[in-house]
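Participant: Next comes the structure file upload_6.cif, holding mmCIF, C-alpha atoms (C1' of nucleotides).
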data_coords
#
loop_
_atom_site.label_atom_id
_atom_site.label_comp_id
_atom_site.auth_asym_id
_atom_site.auth_seq_id
_atom_site.Cartn_x
_atom_site.Cartn_y
_atom_site.Cartn_z
CA MET B 1 -34.01 -10.18 -6.04
CA PHE B 2 -32.06 -7.26 -4.55
CA TYR B 3 -29.58 -6.97 -1.71
CA THR B 4 -28.46 -3.98 0.35
CA ILE B 5 -24.79 -3.11 0.55
CA GLY B 6 -24.58 -4.78 3.96
CA GLU B 7 -26.05 -8.02 2.68
CA MET B 8 -23.81 -8.07 -0.37
CA ALA B 9 -20.76 -7.29 1.77
CA GLN B 10 -21.61 -10.25 3.99
CA LYS B 11 -22.02 -12.56 0.99
CA LEU B 12 -18.60 -11.52 -0.32
CA ASN B 13 -16.99 -11.36 3.10
CA VAL B 14 -15.80 -7.77 2.73
CA ALA B 15 -16.66 -4.52 4.54
CA PRO B 16 -19.51 -2.37 3.19
CA SER B 17 -17.03 0.53 3.02
CA THR B 18 -14.99 -1.51 0.55
CA LEU B 19 -17.96 -1.80 -1.80
CA ARG B 20 -18.63 1.95 -1.49
CA TYR B 21 -14.97 2.54 -2.30
CA TYR B 22 -15.21 0.30 -5.39
CA ASP B 23 -18.32 2.18 -6.46
CA LYS B 24 -16.56 5.52 -6.05
CA GLU B 25 -13.67 4.18 -8.17
CA GLY B 26 -16.08 3.39 -10.97
CA LEU B 27 -15.95 -0.37 -10.52
CA LEU B 28 -19.71 -0.79 -9.99
CA PRO B 29 -21.33 1.47 -12.60
CA PHE B 30 -24.31 -0.83 -13.11
CA VAL B 31 -25.48 -1.11 -9.50
CA GLU B 32 -28.99 0.32 -9.31
CA ARG B 33 -30.40 2.65 -6.66
CA SER B 34 -33.75 2.84 -4.88
CA SER B 35 -35.76 6.06 -5.17
CA GLY B 36 -34.15 7.09 -1.87
CA GLY B 37 -30.62 6.55 -3.19
CA ILE B 38 -29.87 3.21 -1.54
CA ARG B 39 -27.77 0.77 -3.58
CA MET B 40 -29.64 -2.31 -4.77
CA PHE B 41 -27.26 -5.15 -5.64
CA LYS B 42 -28.26 -8.03 -7.93
CA ASP B 43 -26.85 -11.56 -8.16
CA GLU B 44 -25.33 -10.47 -11.44
CA ASP B 45 -23.39 -7.77 -9.57
CA MET B 46 -22.03 -10.41 -7.21
CA GLU B 47 -20.73 -12.35 -10.22
CA TRP B 48 -18.74 -9.34 -11.30
CA LEU B 49 -17.50 -8.69 -7.78
CA ARG B 50 -16.32 -12.29 -7.55
CA LEU B 51 -14.42 -11.84 -10.80
CA LEU B 52 -13.00 -8.58 -9.44
CA GLY B 53 -11.85 -10.35 -6.27
CA CYS B 54 -10.23 -13.06 -8.34
CA LEU B 55 -8.28 -10.56 -10.44
CA LYS B 56 -7.30 -8.66 -7.33
CA LYS B 57 -5.93 -11.78 -5.66
CA ALA B 58 -3.93 -12.36 -8.83
CA GLY B 59 -2.26 -9.01 -8.17
CA MET B 60 -4.12 -6.87 -10.70
CA PRO B 61 -4.45 -3.25 -9.55
CA LEU B 62 -7.94 -1.76 -9.35
CA LYS B 63 -7.03 0.70 -12.12
CA GLU B 64 -6.48 -2.11 -14.60
CA ILE B 65 -9.64 -3.85 -13.48
CA ARG B 66 -11.37 -0.54 -14.13
CA SER B 67 -9.88 -0.41 -17.64
CA PHE B 68 -11.10 -3.91 -18.35
CA LEU B 69 -14.57 -2.99 -17.15
CA ASP B 70 -14.68 0.21 -19.20
CA TRP B 71 -13.57 -1.67 -22.29
CA SER B 72 -16.22 -4.31 -21.71
CA ARG B 73 -18.86 -1.62 -21.66
CA GLN B 74 -17.53 -0.03 -24.84
CA GLY B 75 -18.32 -3.09 -26.93
CA ASP B 76 -16.61 -5.16 -29.58
CA ALA B 77 -14.12 -2.49 -30.66
CA THR B 78 -12.09 -3.11 -27.50
CA ILE B 79 -11.85 -6.91 -27.69
CA SER B 80 -8.14 -6.86 -28.53
CA HIS B 81 -7.40 -4.48 -25.64
CA ARG B 82 -9.15 -6.82 -23.25
CA LEU B 83 -7.39 -9.86 -24.67
CA GLU B 84 -4.03 -8.12 -24.32
CA LEU B 85 -4.70 -7.22 -20.69
CA LEU B 86 -5.76 -10.77 -19.89
CA GLU B 87 -2.67 -12.22 -21.59
CA LYS B 88 -0.47 -9.87 -19.58
CA GLN B 89 -2.17 -10.88 -16.37
CA ARG B 90 -1.90 -14.55 -17.27
CA GLN B 91 1.85 -14.12 -17.73
CA SER B 92 2.03 -12.39 -14.36
CA VAL B 93 0.19 -15.30 -12.72
CA LEU B 94 2.59 -17.81 -14.26
CA GLU B 95 5.55 -15.84 -12.90
CA GLN B 96 3.98 -15.60 -9.47
CA GLN B 97 3.42 -19.36 -9.48
CA LYS B 98 7.07 -19.92 -10.28
CA GLN B 99 8.04 -17.55 -7.48
CA LEU B 100 5.77 -19.27 -4.95
CA GLU B 101 7.19 -22.63 -6.00
CA ASP B 102 10.71 -21.43 -5.21
CA THR B 103 9.62 -19.89 -1.94
CA LEU B 104 7.81 -23.04 -0.88
CA LEU B 105 10.95 -25.11 -1.48
CA MET B 106 12.89 -22.65 0.65
CA LEU B 107 10.27 -22.72 3.41
CA ASP B 108 10.28 -26.52 3.39
CA TYR B 109 14.02 -26.50 3.76
CA LYS B 110 13.92 -23.98 6.59
CA ARG B 111 11.17 -25.95 8.26
CA TRP B 112 13.29 -29.08 8.22
CA TYR B 113 16.24 -26.99 9.45
CA TYR B 114 14.37 -25.66 12.47
CA GLN B 115 12.55 -28.91 13.21
CA THR B 116 15.93 -30.61 13.41
CA ALA B 117 17.28 -27.76 15.50
CA GLN B 118 14.26 -27.90 17.81
CA GLU B 119 14.74 -31.63 18.43
CA ALA B 120 18.42 -31.07 19.19
CA GLY B 121 17.71 -27.93 21.21
CA THR B 122 20.21 -25.91 19.22
CA CYS B 123 20.91 -24.70 15.68
CA ALA B 124 24.50 -25.80 16.19
CA VAL B 125 23.41 -29.34 15.36
CA HIS B 126 23.63 -28.34 11.70
CA ASP B 127 27.38 -27.74 11.96
CA SER B 128 27.99 -31.39 12.67
CA LEU B 129 25.64 -32.88 10.11
CA THR B 130 27.11 -35.00 7.33
CA PRO B 131 25.53 -34.50 3.85
CA GLU B 132 23.97 -37.96 4.17
CA GLN B 133 22.00 -36.81 7.20
CA VAL B 134 20.41 -34.03 5.14
CA PRO B 135 17.28 -35.25 3.31
CA GLU B 136 18.08 -35.53 -0.37
CA GLN B 137 15.61 -32.90 -1.57
CA PHE B 138 17.30 -30.30 0.63
CA ARG B 139 20.97 -31.00 -0.11
CA ALA B 140 21.16 -28.45 -2.89
CA LEU B 141 19.60 -25.82 -0.62
CA THR B 142 21.94 -25.93 2.37
CA ALA B 143 24.37 -23.73 0.44
CA GLU B 144 21.72 -21.44 -0.99
CA TRP B 145 19.87 -20.58 2.19
CA GLU B 146 22.52 -20.63 4.88
CA LYS B 147 21.75 -17.21 6.37
CA GLY B 148 18.91 -16.72 8.91
CA MET M 1 35.10 -8.10 -0.80
CA PHE M 2 32.81 -5.16 -0.14
CA TYR M 3 30.14 -3.37 -2.18
CA THR M 4 28.63 0.10 -1.89
CA ILE M 5 24.91 0.51 -1.55
CA GLY M 6 24.67 1.37 -5.25
CA GLU M 7 26.51 -1.78 -6.30
CA MET M 8 24.44 -3.98 -4.03
CA ALA M 9 21.24 -2.35 -5.25
CA GLN M 10 22.23 -3.12 -8.82
CA LYS M 11 23.03 -6.75 -7.99
CA LEU M 12 19.60 -7.14 -6.37
CA ASN M 13 17.79 -5.00 -8.95
CA VAL M 14 16.28 -2.63 -6.38
CA ALA M 15 16.72 1.10 -5.70
CA PRO M 16 19.41 2.20 -3.24
CA SER M 17 16.71 4.06 -1.31
CA THR M 18 15.00 0.71 -0.74
CA LEU M 19 18.10 -0.70 0.94
CA ARG M 20 18.38 2.43 3.10
CA TYR M 21 14.75 1.98 4.04
CA TYR M 22 15.35 -1.66 4.99
CA ASP M 23 18.32 -0.58 7.08
CA LYS M 24 16.23 2.04 8.86
CA GLU M 25 13.61 -0.62 9.57
CA GLY M 26 16.22 -2.78 11.28
CA LEU M 27 16.44 -5.37 8.53
CA LEU M 28 20.17 -4.95 7.94
CA PRO M 29 21.70 -4.72 11.44
CA PHE M 30 24.91 -6.48 10.41
CA VAL M 31 25.91 -4.28 7.47
CA GLU M 32 29.26 -2.68 8.32
CA ARG M 33 30.28 0.93 7.78
CA SER M 34 33.49 2.57 6.61
CA SER M 35 35.22 5.08 8.92
CA GLY M 36 33.36 7.78 6.97
CA GLY M 37 29.96 6.16 7.60
CA ILE M 38 29.45 4.55 4.20
CA ARG M 39 27.71 1.17 4.16
CA MET M 40 29.93 -1.75 3.16
CA PHE M 41 27.87 -4.73 1.96
CA LYS M 42 29.25 -8.27 1.92
CA ASP M 43 28.21 -11.29 -0.18
CA GLU M 44 26.76 -12.69 3.02
CA ASP M 45 24.48 -9.63 3.25
CA MET M 46 23.27 -10.30 -0.27
CA GLU M 47 22.31 -13.83 0.77
CA TRP M 48 20.10 -12.42 3.49
CA LEU M 49 18.62 -9.83 1.15
CA ARG M 50 17.79 -12.57 -1.34
CA LEU M 51 16.03 -14.48 1.42
CA LEU M 52 14.23 -11.29 2.41
CA GLY M 53 13.11 -10.75 -1.18
CA CYS M 54 11.88 -14.31 -1.35
CA LEU M 55 9.80 -13.93 1.82
CA LYS M 56 8.48 -10.61 0.61
CA LYS M 57 7.34 -12.09 -2.70
CA ALA M 58 5.56 -14.75 -0.69
CA GLY M 59 3.57 -11.94 0.90
CA MET M 60 5.31 -11.72 4.27
CA PRO M 61 5.23 -8.17 5.68
CA LEU M 62 8.55 -6.53 6.57
CA LYS M 63 7.55 -6.48 10.24
CA GLU M 64 7.39 -10.27 10.36
CA ILE M 65 10.64 -10.57 8.47
CA ARG M 66 12.08 -8.27 11.11
CA SER M 67 10.75 -10.53 13.86
CA PHE M 68 12.33 -13.54 12.22
CA LEU M 69 15.64 -11.72 11.96
CA ASP M 70 15.54 -10.55 15.58
CA TRP M 71 14.76 -14.06 16.76
CA SER M 72 17.63 -15.45 14.69
CA ARG M 73 19.99 -13.06 16.44
CA GLN M 74 18.67 -13.99 19.86
CA GLY M 75 19.83 -17.59 19.55
CA ASP M 76 18.46 -21.04 20.25
CA ALA M 77 15.76 -19.93 22.72
CA THR M 78 13.66 -18.62 19.82
CA ILE M 79 13.80 -21.68 17.57
CA SER M 80 10.14 -22.55 18.15
CA HIS M 81 9.04 -18.97 17.42
CA ARG M 82 10.89 -19.07 14.13
CA LEU M 83 9.49 -22.48 13.24
CA GLU M 84 5.97 -21.28 13.99
CA LEU M 85 6.38 -18.22 11.77
CA LEU M 86 7.74 -20.34 8.93
CA GLU M 87 4.88 -22.84 9.22
CA LYS M 88 2.39 -20.00 9.12
CA GLN M 89 4.01 -18.56 6.03
CA ARG M 90 4.15 -21.97 4.39
CA GLN M 91 0.40 -22.30 4.92
CA SER M 92 -0.10 -18.88 3.40
CA VAL M 93 1.94 -19.87 0.33
CA LEU M 94 -0.15 -23.01 -0.14
CA GLU M 95 -3.32 -20.93 -0.03
CA GLN M 96 -1.93 -18.44 -2.50
CA GLN M 97 -0.99 -21.27 -4.85
CA LYS M 98 -4.53 -22.55 -4.73
CA GLN M 99 -5.85 -19.07 -5.43
CA LEU M 100 -3.51 -18.57 -8.39
CA GLU M 101 -4.55 -21.94 -9.77
CA ASP M 102 -8.20 -20.87 -9.76
CA THR M 103 -7.36 -17.51 -11.28
CA LEU M 104 -5.28 -19.09 -14.03
CA LEU M 105 -8.18 -21.34 -14.99
CA MET M 106 -10.42 -18.29 -15.16
CA LEU M 107 -7.88 -16.35 -17.24
CA ASP M 108 -7.49 -19.28 -19.63
CA TYR M 109 -11.23 -19.40 -20.07
CA LYS M 110 -11.45 -15.64 -20.67
CA ARG M 111 -8.55 -15.85 -23.08
CA TRP M 112 -10.33 -18.46 -25.12
CA TYR M 113 -13.50 -16.38 -24.90
CA TYR M 114 -11.87 -13.26 -26.31
CA GLN M 115 -9.73 -15.10 -28.84
CA THR M 116 -12.92 -16.61 -30.24
CA ALA M 117 -14.61 -13.22 -30.12
CA GLN M 118 -11.66 -11.58 -31.84
CA GLU M 119 -11.75 -14.10 -34.71
CA ALA M 120 -15.50 -13.54 -35.11
CA GLY M 121 -15.17 -9.79 -34.66
CA THR M 122 -17.83 -9.73 -31.96
CA CYS M 123 -18.54 -11.12 -28.49
CA ALA M 124 -22.02 -11.99 -29.76
CA VAL M 125 -20.54 -15.13 -31.30
CA HIS M 126 -20.77 -16.71 -27.85
CA ASP M 127 -24.55 -16.44 -27.84
CA SER M 128 -24.80 -18.84 -30.75
CA LEU M 129 -22.25 -21.38 -29.58
CA THR M 130 -23.42 -24.91 -28.85
CA PRO M 131 -21.83 -26.58 -25.78
CA GLU M 132 -19.91 -28.89 -28.13
CA GLN M 133 -18.15 -25.90 -29.66
CA VAL M 134 -16.80 -24.92 -26.22
CA PRO M 135 -13.52 -26.71 -25.42
CA GLU M 136 -14.19 -29.32 -22.80
CA GLN M 137 -11.99 -27.83 -20.09
CA PHE M 138 -14.01 -24.60 -20.23
CA ARG M 139 -17.55 -25.97 -20.27
CA ALA M 140 -17.93 -25.79 -16.51
CA LEU M 141 -16.71 -22.18 -16.53
CA THR M 142 -19.11 -20.60 -19.01
CA ALA M 143 -21.71 -20.37 -16.26
CA GLU M 144 -19.26 -19.28 -13.57
CA TRP M 145 -17.59 -16.41 -15.41
CA GLU M 146 -20.29 -15.00 -17.63
CA LYS M 147 -19.90 -11.36 -16.58
CA GLY M 148 -17.19 -9.13 -18.11
"C1'" DA G 1 -45.44 9.31 14.79
"C1'" DT G 2 -41.36 7.91 16.48
"C1'" DA G 3 -37.44 5.28 17.26
"C1'" DC G 4 -33.59 3.01 15.44
"C1'" DA G 5 -30.54 0.40 12.65
"C1'" DA G 6 -28.64 0.66 8.30
"C1'" DC G 7 -28.05 3.40 4.70
"C1'" DT G 8 -25.99 7.99 2.27
"C1'" DT G 9 -21.98 11.44 1.24
"C1'" DG G 10 -17.49 13.95 1.30
"C1'" DA G 11 -13.49 14.42 3.61
"C1'" DA G 12 -10.01 13.01 6.38
"C1'" DG G 13 -7.20 9.32 8.40
"C1'" DT G 14 -4.43 4.94 8.14
"C1'" DC G 15 -1.04 1.62 6.70
"C1'" DA G 16 2.79 -0.52 4.22
"C1'" DA G 17 6.42 0.16 1.45
"C1'" DC G 18 8.74 2.95 -0.65
"C1'" DT G 19 10.59 7.53 -3.04
"C1'" DT G 20 11.94 12.20 -3.09
"C1'" DT G 21 14.00 16.25 -1.31
"C1'" DA G 22 17.32 19.10 0.95
"C1'" DA G 23 21.42 19.78 2.94
"C1'" DG G 24 25.46 18.07 3.68
"C1'" DT G 25 29.86 14.43 3.58
"C1'" DC G 26 33.06 11.12 1.39
"C1'" DA G 27 36.41 9.45 -1.86
"C1'" DA G 28 38.55 8.94 -6.47
"C1'" DG G 29 40.58 11.23 -10.45
"C1'" DC G 30 42.93 15.17 -12.22
"C1'" DG R 1 43.46 21.17 -3.65
"C1'" DC R 2 39.42 20.82 -6.29
"C1'" DT R 3 35.74 18.84 -8.76
"C1'" DT R 4 32.34 15.45 -9.16
"C1'" DG R 5 29.50 11.64 -8.48
"C1'" DA R 6 28.01 8.62 -4.99
"C1'" DC R 7 27.29 8.45 -0.55
"C1'" DT R 8 24.94 10.21 4.27
"C1'" DT R 9 20.70 11.74 7.13
"C1'" DA R 10 16.05 13.36 8.57
"C1'" DA R 11 11.87 14.61 7.04
"C1'" DA R 12 8.32 14.99 3.92
"C1'" DG R 13 5.76 13.15 -0.05
"C1'" DT R 14 3.56 9.28 -2.79
"C1'" DT R 15 0.68 5.29 -3.95
"C1'" DG R 16 -2.86 1.89 -3.45
"C1'" DA R 17 -6.43 0.23 -1.04
"C1'" DC R 18 -9.00 0.87 2.15
"C1'" DT R 19 -11.29 2.67 6.87
"C1'" DT R 20 -13.18 6.05 9.82
"C1'" DC R 21 -15.69 10.10 10.85
"C1'" DA R 22 -19.39 13.46 10.94
"C1'" DA R 23 -23.56 14.82 9.58
"C1'" DG R 24 -27.51 13.67 7.56
"C1'" DT R 25 -31.33 10.33 5.18
"C1'" DT R 26 -34.03 6.01 4.52
"C1'" DG R 27 -36.99 2.52 5.62
"C1'" DT R 28 -38.96 -0.80 8.83
"C1'" DA R 29 -41.11 -2.03 13.24
"C1'" DT R 30 -43.86 -0.63 16.89
#
Written as structure tokens, how would this file's structure read?
Facilitator:
Amino acid sequence: MFYTIGEMAQKLNVAPSTLRYYDKEGLLPFVERSSGGIRMFKDEDMEWLRLLGCLKKAGMPLKEIRSFLDWSRQGDATISHRLELLEKQRQSVLEQQKQLEDTLLMLDYKRWYYQTAQEAGTCAVHDSLTPEQVPEQFRALTAEWEKG
Amino acid sequence: MFYTIGEMAQKLNVAPSTLRYYDKEGLLPFVERSSGGIRMFKDEDMEWLRLLGCLKKAGMPLKEIRSFLDWSRQGDATISHRLELLEKQRQSVLEQQKQLEDTLLMLDYKRWYYQTAQEAGTCAVHDSLTPEQVPEQFRALTAEWEKG
DNA sequence: ATACAACTTGAAGTCAACTTTAAGTCAAGC
DNA sequence: GCTTGACTTAAAGTTGACTTCAAGTTGTAT
């Protein structure tokens, strides 16, 4: 079962031009062509593109994804390279998670700050708030995120 | 207590040119200047730059950070705008967390895959693995992440 | 056979977020 | 007073990841 670039783009919810760009960057070396030169995508190709999208969302640049792909096609001699790249990316994901955690805490604090201000009609309400009126989980943050 | 752009850049672990760029983009409207035109950063400015960095790492574009800043300077009339922007960003962070969670699971699976392959010296080892030899947490993923 | 939408390519354009360059100014130490 | 390193600006260059354009081809439906 084959799909055209338009069909595959729709399945993946990306623009056809994006897939052509990936192809040009060597990220789709196994996609077959019809006798007339039209790309014929397989379900297998979608698998790889889903993996690609996953790595991309984890912040991996296309160049590194390309390296990983090239290594995969070179066979068993590159297993340790691939493992190393994956470990590096895993570390990066863990750091990003930590960062998002911190940011979420900050956003939650700010949200409470502005919700309170909205109810009062003014940010000045926070000048006259005793520590007991600040929800416990935010007390440590009032000092840290004063500005803005 | 004032800092030069170089000192502040060092404290924040960014390039001085980055801070000049932020200034040009209207993200540092409150940074004072010496009589000779040299930027004089305060601790307060660092607070804001830390907040900016936090929002940036959460994927907020500088334009939106600029909006938030402008609204903050306009006073209480913009509280709801600010709240709306923060809620939107909070939603975005939650989605990113979910995405990273999925990616981490995939990376953990791939890591196991290549660690096993490395020990065996070949990826072919996975062809002759019974389901019981696959750690339980990865069994559902063998089908999902076959490629690469 | 012809129309027509969807495909093809290479090249150029876009966008965000910086970085670099060039030419000049400021300020601290000698 | 002079040197020197860090600062100033405007403008141009870079990078990554696409998108758009122009000109042409393919393949399906009538």
Participant: Write out as a compact mmCIF listing (two decimals) with C-alpha atoms, in the frame of the given file the residues lying within 8 Å of Lys57 of chain M, counting all atoms listed in the file and excluding same-chain residues fewer than 4 positions away.
Facilitator:
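Contents of the output file result-v1.txt:
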# COMPACT_ATOMS: atom_id res chain seq x y z
CA GLN B 99 8.04 -17.55 -7.48
CA LEU B 100 5.77 -19.27 -4.95
CA GLY M 53 13.11 -10.75 -1.18
Participant: Report as a ChimeraX atom specification the full result of the PyMOL selection byres ((chain G) within 12 of (chain M)) when it is applied to this structure.
Facilitator: /G:15-20,25-27
Participant: Quick one: 8 Å padding each side, axis-aligned, all listed atoms of segment 3-19 of chain R - centre and edge lengths in Å to one decimal, as AutoDock Vina command-line options?
Facilitator:
--center_x 12.2 --center_y 9.5 --center_z -0.3 --size_x 63.0 --size_y 34.6 --size_z 33.7
Participant: Write out as an MDAnalysis selection string every residue belonging to chain R that has an atom at most 9 Å from any atom of chain M, counting all atoms listed in the file.
Facilitator: chainID R and resid 6:8
Participant: Which residue gives the smallest distance to chain M among B:Ser34, B:Ser80, B:Thr142, B:Ser67, with only C-alpha atoms counted?
Facilitator: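 With only C-alpha atoms as the atom set, the closest residue is B:Ser80.
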Participant: Which residues are close to DT14 of chain G, i.e. within 12 Å by all atoms listed in the file, leaving aside same-chain residues fewer than 4 positions away? Reply as a PDB file with C-alpha atoms (C1' of nucleotides), in the coordinates of the input.
Facilitator:
ATOM      1  C1'  DA R  17      -6.430   0.230  -1.040  1.00  0.00           C
ATOM      2  C1'  DC R  18      -9.000   0.870   2.150  1.00  0.00           C
ATOM      3  C1'  DT R  19     -11.290   2.670   6.870  1.00  0.00           C
ATOM      4  C1'  DT R  20     -13.180   6.050   9.820  1.00  0.00           C
TER       5       DT R  20
END
Participant: Enumerate, as a PyMOL selection string, the residues matched when the PyMOL selection byres ((chain M) within 6 of (chain B)) is run on the file above.
Facilitator: chain M and resi 48+76+83+114+122+147
Participant: Quote the spacing between atom C1' of DG16 of chain R and atom C1' of DT9 of chain G in Å to one decimal place.
Facilitator: 21.9 Å
Participant: What is the distance, in Å and to one decimal place, between atom CA of Phe138 of chain B and atom CA of Met60 of chain M?
Facilitator: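 So the two atoms, atom CA of Phe138 of chain B and atom CA of Met60 of chain M, lie 22.4 Å apart.
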Participant: Go through R:DA11, R:DC21, R:DA29, R:DT3 and flag the residue nearest DG13 of chain G, using only C-alpha atoms (C1' of nucleotides) for the distances.
Facilitator: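 Comparing R:DA11, R:DC21, R:DA29, R:DT3 against DG13 of chain G, the winner is R:DC21.
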Participant: Neighbours of Val31 of chain M within 9 Å (only C-alpha atoms (C1' of nucleotides); same-chain residues fewer than 3 positions away dropped), as a ChimeraX atom specification?
Facilitator: /M:23,28,39-42,45
Participant: Please evaluate the PyMOL selection byres ((chain G and resi 7) around 8) against the displayed coordinates and give the resulting residues as a PyMOL selection string.
Facilitator: (chain B and resi 38) or (chain G and resi 6+8) or (chain R and resi 25-26)
